[in-house]
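Student: Here's a structure for you.
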Amino acid sequence: MIRIGEAEVERRLGALDLVAIMRSALCAAACGDAGGPTRAAFTTPDGTWFGAMPAWVGGPQPALGAKLVVAIPANAARGLPTHRAVIVLLDPATGAPLAWIDAEALTRARTAAVSVVATQSLASTPRGAHAILGAGAQGLAHLDAFARAGMIERLTLWSRDRARAEAAARVAHAHGVDVQVARDPGDAVRGADVITTCTAAALPLFDAATVSDGAHVNGVGACVAGKRELPGALVGASALVVDDLAAARAEAGDVILAVADGAASWDGVVSLGKVLAHRGSPRTGRVSIFVSLGLGVEDVAAAAAIVDL
């Protein structure tokens, strides 16, 4: 059994077309050639969240494995990552352990790559004015992924921590991106073609009216049922796509809470994989929204590609 640490994972990620790998994995899941159960998760009394995400990928290079992930809010005060993760790959034929892969960088990168896929597939103007809310690990990962894909003509950043936003702006400048830091979330999203939310917010970050008709939104941060980043009125008025419908019904707070408020419904909601595989289309709406939770098939496909390098 091989062990691949974070530094080597990051090096290998740079050699992969992760956007293409995520597109292929999501299509395979929609066509029945990849899959896994919804995430099994629980929260301990001290606030630690633990999730297990088993999955398989078929095709000419099959893969089998699971990601184990924890979220420990107290790590922020310790100067440690709040999210830690590993992926274990097994031999699909024999079940023998093949690899142990540190998966923090992989998780960030695959999440951002899926947002790129969603934006390319759903946005009316995928290359244009972008807004990223949140300047933590996921915000930076999305900045990097969109910049590398050549999709950002100009960028507005916002974070509750102004210093973090300004640090992210320096990263954007290094990519050659025209960037500014916004005073508040509403200011950040106003006029944006693509909005990506990567925060730990529990309540909507902005009013629906601040989002332009025809905009595309990637909702990334609200991956538990009781939290939301997006206003219910916007969710209800959108062409709504999720990474997996069963997972979204269990965990997608942005949708669950909007439905509970009577502002939205599950009617016409489809998975991104079905859109990519031309097996479904979302309902019509004044904006498009992709709600991202993260799937085991994404992790296993990415991990298998890293091992194969």
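By convention here, the chains of the structure tokens are called A, B, ... in the order presented, each chain's residues are numbered starting at 1, and ligands are numbered starting at 1 in the order presented.
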I'd like the contact shell of Ser115 in chain A - 10 Å cut-off, only C-alpha atoms, skipping same-chain residues fewer than 4 positions apart - returned as a list in words.
Tutor: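 My list of contacting residues is Val19, Met22, Ala109, Arg110, Thr111, Thr119, Gln120, Ser121, His142, Ala145, Phe146, Thr196, Val217, Asn218, Gly219, Val220, Asp243, Phe290, Val291 and Ser292 of chain A.
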Student: Would you return as a VMD selection string the members of range 4-113 of chain A that DSSP assigns to strand (DSSP E or B) on this structure's backbone?
Tutor: chain A and resid 4 34 to 35 40 to 43 49 to 57 63 to 71 83 to 90 97 to 102
Student: Counting only C-alpha atoms, what is within 12 Å of Ser281 in chain A, bar same-chain residues fewer than 3 positions away, as a ChimeraX atom specification?
Tutor: /A:121-122,239-242,267-278,284-285,288
Student: Near Pro231 in chain A, within 8 Å and counting only C-alpha atoms, which residues show up once chain neighbours fewer than 2 positions away are dropped, as a list in words?
Tutor: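 Contacts, in chain order: Pro204, Leu205, Phe206, Asp207, Ala208, Arg228, Glu229, Ala233, Leu234, Val235, Asp254 and Ala258 of chain A.
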Student: Of the residues A:Asp244, A:Gly136, A:Leu293, A:Trp49, which is the one nearest to Ala200 in chain A, using only C-alpha atoms?
Tutor: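 Result for the nearest residue to Ala200 in chain A: A:Gly136.
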Student: Which residue out of A:Gly221, A:Gly253, A:Gly95, A:Gly232 has the minimum interatomic distance to Gly294 in chain A when only C-alpha atoms are used?
Tutor: A:Gly221
Student: Find the residue from A:Met53, A:Ala165, A:Leu230, A:Ala304 that sits nearest to Val255 in chain A; use only C-alpha atoms when measuring.
Tutor: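 Among the listed residues, the smallest separation from Val255 in chain A belongs to A:Leu230.
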Student: Kindly indicate which residue among A:Ile289, A:Ala168, A:Ala25, A:Ala225 lies nearest to Ile256 in chain A, using only C-alpha atoms for the distances.
Tutor: A:Ala225
